[in-house]
$ cat coords.txt   # compact mmCIF, C-alpha atoms
# COMPACT_ATOMS: atom_id res chain seq x y z
CA MET A 307 19.50 -6.05 -70.48
CA ARG A 308 21.10 -6.94 -73.81
CA GLY A 309 21.82 -4.01 -76.09
CA HIS A 310 20.52 -0.48 -76.02
CA PRO A 311 17.00 0.62 -76.97
CA LYS A 312 18.03 3.82 -78.81
CA ILE A 313 18.35 3.18 -82.53
CA ALA A 314 21.86 3.70 -83.88
CA LYS A 315 23.84 2.40 -86.84
CA MET A 316 24.13 -1.37 -86.56
CA THR A 317 27.67 -2.77 -86.30
CA THR A 318 28.72 -6.42 -86.64
CA VAL A 319 30.24 -8.10 -83.57
CA LEU A 320 32.64 -11.01 -84.09
CA LEU A 321 34.04 -13.55 -81.64
CA TYR A 322 37.65 -14.44 -82.45
CA MET A 323 38.75 -17.84 -81.14
CA TYR A 324 42.42 -18.83 -80.79
CA ASP A 325 43.42 -22.39 -79.86
CA LEU A 326 45.88 -22.10 -76.99
CA SER A 327 46.95 -25.73 -77.55
CA ASP A 328 47.99 -24.79 -81.11
CA GLY A 329 46.20 -27.88 -82.46
CA TRP A 330 47.77 -30.23 -79.95
CA CYS A 331 44.40 -31.27 -78.41
CA ASN A 332 42.92 -31.91 -81.86
CA ASN A 333 45.96 -33.97 -82.90
CA LEU A 334 45.40 -36.32 -79.97
CA GLY A 335 42.10 -37.32 -81.59
CA PRO A 336 39.75 -39.43 -79.46
CA LEU A 337 42.32 -39.59 -76.65
CA CYS A 338 41.63 -35.96 -75.75
CA PRO A 339 38.12 -34.91 -74.63
CA VAL A 340 38.33 -31.50 -76.35
CA LYS A 341 39.48 -30.32 -79.76
CA ALA A 342 40.85 -26.98 -78.52
CA VAL A 343 41.44 -24.78 -75.48
CA TRP A 344 40.01 -21.43 -76.49
CA HIS A 345 41.25 -17.91 -75.94
CA THR A 346 38.58 -15.48 -77.13
CA SER A 347 38.31 -11.81 -78.00
CA ILE A 348 35.66 -9.47 -79.39
CA VAL A 349 36.06 -7.64 -82.69
CA VAL A 350 33.86 -4.58 -83.07
CA TYR A 351 34.32 -1.12 -84.62
CA GLY A 352 37.40 -2.40 -86.49
CA LYS A 353 39.40 -3.36 -83.38
CA GLU A 354 39.99 -6.57 -81.43
CA TYR A 355 39.37 -6.24 -77.68
CA VAL A 356 41.04 -8.75 -75.37
CA PHE A 357 41.45 -9.30 -71.63
CA GLY A 358 44.44 -11.01 -70.04
CA ASN A 359 46.96 -10.72 -67.25
CA THR A 360 47.91 -7.25 -68.52
CA GLY A 361 44.30 -6.02 -68.44
CA ILE A 362 42.09 -4.94 -71.34
CA LYS A 363 43.89 -4.19 -74.60
CA PHE A 364 42.84 -3.50 -78.17
CA HIS A 365 44.61 -3.81 -81.51
CA ASP A 366 44.00 -4.51 -85.17
CA PRO A 367 42.26 -7.87 -85.63
CA GLY A 368 44.55 -10.91 -85.65
CA LYS A 369 44.24 -14.25 -87.44
CA PRO A 370 42.24 -16.63 -85.26
CA GLN A 371 41.53 -20.29 -85.94
CA LYS A 372 37.79 -19.65 -85.75
CA ILE A 373 35.48 -16.63 -86.18
CA ILE A 374 31.85 -16.57 -85.09
CA GLU A 375 29.48 -13.72 -85.92
CA LEU A 376 27.61 -12.97 -82.69
CA GLY A 377 25.21 -10.52 -84.29
CA GLU A 378 24.87 -6.78 -84.73
CA THR A 379 24.82 -4.10 -82.07
CA ASN A 380 23.28 -0.66 -81.96
CA VAL A 381 25.51 0.51 -79.09
CA PRO A 382 27.30 3.67 -80.24
CA MET A 383 31.09 3.33 -80.53
CA LEU A 384 31.77 6.09 -77.97
CA ASP A 385 29.46 4.44 -75.40
CA PHE A 386 31.22 1.12 -75.97
CA LYS A 387 34.69 2.61 -75.56
CA LEU A 388 33.69 4.46 -72.38
CA TYR A 389 32.11 1.30 -70.97
CA VAL A 390 35.23 -0.78 -71.67
CA LYS A 391 37.44 1.91 -70.16
CA GLY A 392 35.26 1.82 -67.03
CA LEU A 393 35.64 -1.95 -66.82
CA LYS A 394 39.40 -1.60 -67.05
CA TYR A 395 39.84 0.93 -64.26
CA SER A 396 37.04 0.52 -61.73
CA ALA A 397 35.24 -2.10 -59.67
CA TRP A 398 32.19 0.17 -59.49
CA ALA A 399 31.52 2.65 -62.24
CA TYR A 400 28.67 4.87 -63.26
CA PHE A 401 28.51 5.73 -66.88
CA LYS A 402 26.14 8.00 -68.79
CA CYS A 403 25.50 6.26 -72.06
CA PHE A 404 23.91 7.63 -75.19
CA CYS A 405 20.59 5.83 -74.96
CA CYS A 406 19.58 5.24 -71.37
CA ARG A 407 21.67 8.01 -69.77
CA ILE A 408 22.98 5.78 -67.00
CA CYS A 409 24.45 2.29 -67.01
CA VAL A 410 25.67 0.76 -63.78
CA PHE A 411 28.10 -2.12 -63.58
CA LYS A 412 30.15 -3.67 -60.82
CA VAL A 413 32.30 -6.09 -62.78
CA CYS A 414 35.88 -5.06 -63.37
CA PHE A 415 38.50 -6.31 -65.74
CA ARG A 416 41.64 -4.74 -64.26
CA ALA A 417 44.88 -6.64 -64.78
CA SER A 418 44.94 -7.51 -61.07
CA SER A 419 41.52 -9.21 -61.37
CA TYR A 420 42.67 -11.68 -64.05
CA ASN A 421 42.52 -15.37 -63.13
CA PRO A 422 43.15 -17.95 -65.88
CA PHE A 423 40.30 -20.18 -64.66
CA LYS A 424 37.76 -17.91 -62.91
CA HIS A 425 38.02 -14.47 -64.54
CA ASN A 426 39.64 -14.64 -67.96
CA CYS A 427 39.33 -13.61 -71.61
CA ASN A 428 36.27 -15.82 -72.08
CA HIS A 429 34.43 -14.15 -69.19
CA PHE A 430 35.34 -10.77 -70.68
CA THR A 431 33.99 -11.66 -74.13
CA GLU A 432 30.77 -13.01 -72.59
CA HIS A 433 30.34 -9.82 -70.57
CA ILE A 434 30.98 -7.62 -73.61
CA SER A 435 28.63 -9.66 -75.81
CA GLU A 436 25.90 -9.15 -73.21
CA PHE A 437 26.55 -5.40 -73.08
CA LEU A 438 26.44 -5.19 -76.89
CA GLY A 439 23.19 -7.18 -77.02
CA VAL A 440 24.43 -10.00 -79.23
CA SER A 441 24.57 -13.79 -78.90
CA SER A 442 26.45 -15.42 -76.05
CA VAL A 443 29.86 -17.01 -76.32
CA PRO A 444 29.44 -20.72 -77.25
CA GLU A 445 29.33 -23.09 -74.28
CA GLU A 446 32.28 -25.10 -75.66
CA VAL A 447 34.55 -22.17 -74.81
CA PHE A 448 33.73 -22.48 -71.11
CA THR A 449 33.47 -26.28 -70.84
CA ALA A 450 36.72 -27.18 -72.61
CA VAL A 451 38.95 -26.63 -69.58
CA ASP A 452 36.59 -28.56 -67.27
CA LYS A 453 36.48 -31.51 -69.68
CA LEU A 454 40.23 -31.39 -70.13
CA ARG A 455 40.83 -31.19 -66.37
CA GLU A 456 39.13 -34.60 -66.02
CA SER A 457 41.45 -36.24 -68.57
CA PRO A 458 44.94 -37.72 -68.13
CA PHE A 459 46.24 -35.15 -70.63
CA TYR A 460 45.43 -32.10 -68.52
CA SER A 461 48.91 -31.52 -67.12
CA LYS A 462 50.54 -32.18 -70.50
CA VAL A 463 48.28 -29.67 -72.28
CA VAL A 464 48.85 -27.07 -69.55
CA ASP A 465 52.62 -27.61 -69.91
CA TRP A 466 52.34 -27.31 -73.71
CA ILE A 467 50.37 -24.07 -73.50
CA THR A 468 52.77 -22.65 -70.91
CA LYS A 469 55.88 -23.48 -72.94
CA ASN A 470 54.56 -22.91 -76.45
CA GLY A 471 51.72 -20.43 -76.01
CA GLN A 472 50.77 -18.25 -78.94
CA LYS A 473 52.85 -15.17 -79.49
CA GLU A 474 50.42 -12.32 -78.95
CA PRO A 475 50.38 -9.38 -81.36
CA LYS A 476 51.35 -6.00 -79.96
CA ARG A 477 48.54 -4.64 -77.80
CA VAL A 478 47.50 -1.05 -77.29
CA ASP A 479 46.39 0.21 -73.88
CA LEU A 480 43.00 1.88 -73.66
$ encode --input "coords.txt" --output "structure tokens"
Amino acid sequence: MRGHPKIAKMTTVLLYMYDLSDGWCNNLGPLCPVKAVWHTSIVVYGKEYVFGNTGIKFHDPGKPQKIIELGETNVPMLDFKLYVKGLKYSAWAYFKCFCCRICVFKVCFRASSYNPFKHNCNHFTEHISEFLGVSSVPEEVFTAVDKLRESPFYSKVVDWITKNGQKEPKRVDL
């Protein structure tokens, strides 16, 4: 189910997209099958929520290369924060939310569950967008790595990202 049926103040949900190749893929032009390798986060209630190898963090919004408005949510801020906290600490969690009184989820986003290809920031933002009842993360975010993997530049881009990855702003634990 996307979103919550109880009417609450609507809040805009943004998808922040950071190019992990720092423009390198785009600079290769037609030689590279993708224009960017995306790291994504969700901005809602004035904070940017991100998942990585240190788990779920939040901080003041950064300066991404691309911002997409995913829609508006009626999920109350407290319900959202409790849900995210549950994702961070538990594989199974039961959570009494404001509108339906019980939400059940079995997905977790603990630091130990992070995998750069199978369970990453993009999976987190898709999961959160579904919970908030807004549009999905664009398909290009998920297909970029697969397209890149099939190209001769894959190892070079992975090396570039590893050596020159974006410096992340200071994160705050939930």
$ atom_distance --input "coords.txt" --atom1 "CA of Val343 in chain A" --atom2 "CA of Ala450 in chain A"
6.0 Å
$ residues_around --input "coords.txt" --residues "Gly329 in chain A" --least-positions-apart "4" --cutoff "10 Å" --atoms "all atoms listed in the file" --output "list in words"
Tyr324, Asp325, Asn333, Leu334, Lys341, Ala342, Val343 and Gln371 of chain A
$ closest_residue --input "coords.txt" --among "A:Leu393, A:Val340, A:Cys414, A:Ile374" --to "Thr449 in chain A" --atoms "all atoms listed in the file"
A:Val340
$ closest_residue --input "coords.txt" --among "A:Lys353, A:Lys387, A:His345, A:Lys369" --to "Phe437 in chain A" --atoms "all atoms listed in the file"
A:Lys387
$ residues_around --input "coords.txt" --residues "Cys338 in chain A" --least-positions-apart "5" --cutoff "12 Å" --atoms "all atoms listed in the file" --output "number ranges by chain"
A: 327, 329-333, 343, 450-451, 453-460, 462-463
$ closest_residue --input "coords.txt" --among "A:Pro422, A:Phe448, A:Phe364, A:Tyr351" --to "Asp385 in chain A" --atoms "all atoms listed in the file"
A:Tyr351
$ residues_near_point --input "coords.txt" --point "(29.2, -10.1, -77.6)" --cutoff "8 Å" --atoms "all atoms listed in the file" --output "VMD selection string"
chain A and resid 319 to 321 348 376 to 377 431 to 443
$ closest_residue --input "coords.txt" --among "A:Phe415, A:Tyr389, A:Phe430, A:Tyr322" --to "Gly368 in chain A" --atoms "only C-alpha atoms"
A:Tyr322
$ atom_distance --input "coords.txt" --atom1 "CA of Ile362 in chain A" --atom2 "CA of Leu326 in chain A"
18.5 Å
$ atom_distance --input "coords.txt" --atom1 "CA of Asn426 in chain A" --atom2 "CA of Thr379 in chain A"
23.0 Å
$ closest_residue --input "coords.txt" --among "A:Tyr395, A:Met323, A:Thr318, A:Val381" --to "Thr346 in chain A" --atoms "all atoms listed in the file"
A:Met323
$ closest_residue --input "coords.txt" --among "A:Trp344, A:Gly358, A:Glu446, A:Asn380" --to "Ser418 in chain A" --atoms "only C-alpha atoms"
A:Gly358
$ build_atoms --input "coords.txt" --residues "range 410-430 of chain A" --atoms "N, CA and C atoms" --output "CSV table (one decimal), in the frame of the given file"
chain,number,residue,atom,x,y,z
A,410,VAL,N,24.9,1.0,-65.0
A,410,VAL,CA,25.7,0.8,-63.8
A,410,VAL,C,26.3,-0.6,-63.9
A,411,PHE,N,27.5,-0.8,-63.6
A,411,PHE,CA,28.1,-2.1,-63.6
A,411,PHE,C,29.1,-2.3,-62.4
A,412,LYS,N,29.2,-3.5,-61.9
A,412,LYS,CA,30.2,-3.7,-60.8
A,412,LYS,C,31.2,-4.7,-61.2
A,413,VAL,N,31.3,-5.2,-62.4
A,413,VAL,CA,32.3,-6.1,-62.8
A,413,VAL,C,33.5,-5.3,-63.2
A,414,CYS,N,34.7,-5.8,-62.9
A,414,CYS,CA,35.9,-5.1,-63.4
A,414,CYS,C,36.8,-6.0,-64.1
A,415,PHE,N,37.5,-5.5,-65.0
A,415,PHE,CA,38.5,-6.3,-65.7
A,415,PHE,C,39.9,-5.6,-65.7
A,416,ARG,N,40.3,-5.3,-64.5
A,416,ARG,CA,41.6,-4.7,-64.3
A,416,ARG,C,42.6,-5.9,-64.4
A,417,ALA,N,43.9,-5.6,-64.7
A,417,ALA,CA,44.9,-6.6,-64.8
A,417,ALA,C,45.0,-7.5,-63.5
A,418,SER,N,44.8,-6.8,-62.4
A,418,SER,CA,44.9,-7.5,-61.1
A,418,SER,C,43.8,-8.5,-60.8
A,419,SER,N,42.7,-8.3,-61.6
A,419,SER,CA,41.5,-9.2,-61.4
A,419,SER,C,41.6,-10.5,-62.2
A,420,TYR,N,42.6,-10.5,-63.1
A,420,TYR,CA,42.7,-11.7,-64.0
A,420,TYR,C,43.0,-13.0,-63.3
A,421,ASN,N,42.3,-14.0,-63.6
A,421,ASN,CA,42.5,-15.4,-63.1
A,421,ASN,C,42.3,-16.3,-64.3
A,422,PRO,N,43.3,-17.1,-64.7
A,422,PRO,CA,43.2,-18.0,-65.9
A,422,PRO,C,42.0,-18.9,-65.9
A,423,PHE,N,41.4,-19.2,-64.7
A,423,PHE,CA,40.3,-20.2,-64.7
A,423,PHE,C,39.0,-19.5,-64.3
A,424,LYS,N,39.0,-18.5,-63.5
A,424,LYS,CA,37.8,-17.9,-62.9
A,424,LYS,C,37.4,-16.6,-63.5
A,425,HIS,N,38.3,-15.8,-64.0
A,425,HIS,CA,38.0,-14.5,-64.5
A,425,HIS,C,39.0,-14.2,-65.7
A,426,ASN,N,38.7,-14.7,-66.9
A,426,ASN,CA,39.6,-14.6,-68.0
A,426,ASN,C,39.1,-14.0,-69.2
A,427,CYS,N,39.7,-14.2,-70.3
A,427,CYS,CA,39.3,-13.6,-71.6
A,427,CYS,C,37.9,-14.1,-72.0
A,428,ASN,N,37.6,-15.3,-71.7
A,428,ASN,CA,36.3,-15.8,-72.1
A,428,ASN,C,35.1,-15.2,-71.3
A,429,HIS,N,35.4,-14.9,-70.0
A,429,HIS,CA,34.4,-14.2,-69.2
A,429,HIS,C,34.3,-12.7,-69.7
A,430,PHE,N,35.4,-12.1,-70.1
A,430,PHE,CA,35.3,-10.8,-70.7
A,430,PHE,C,34.5,-10.7,-72.0
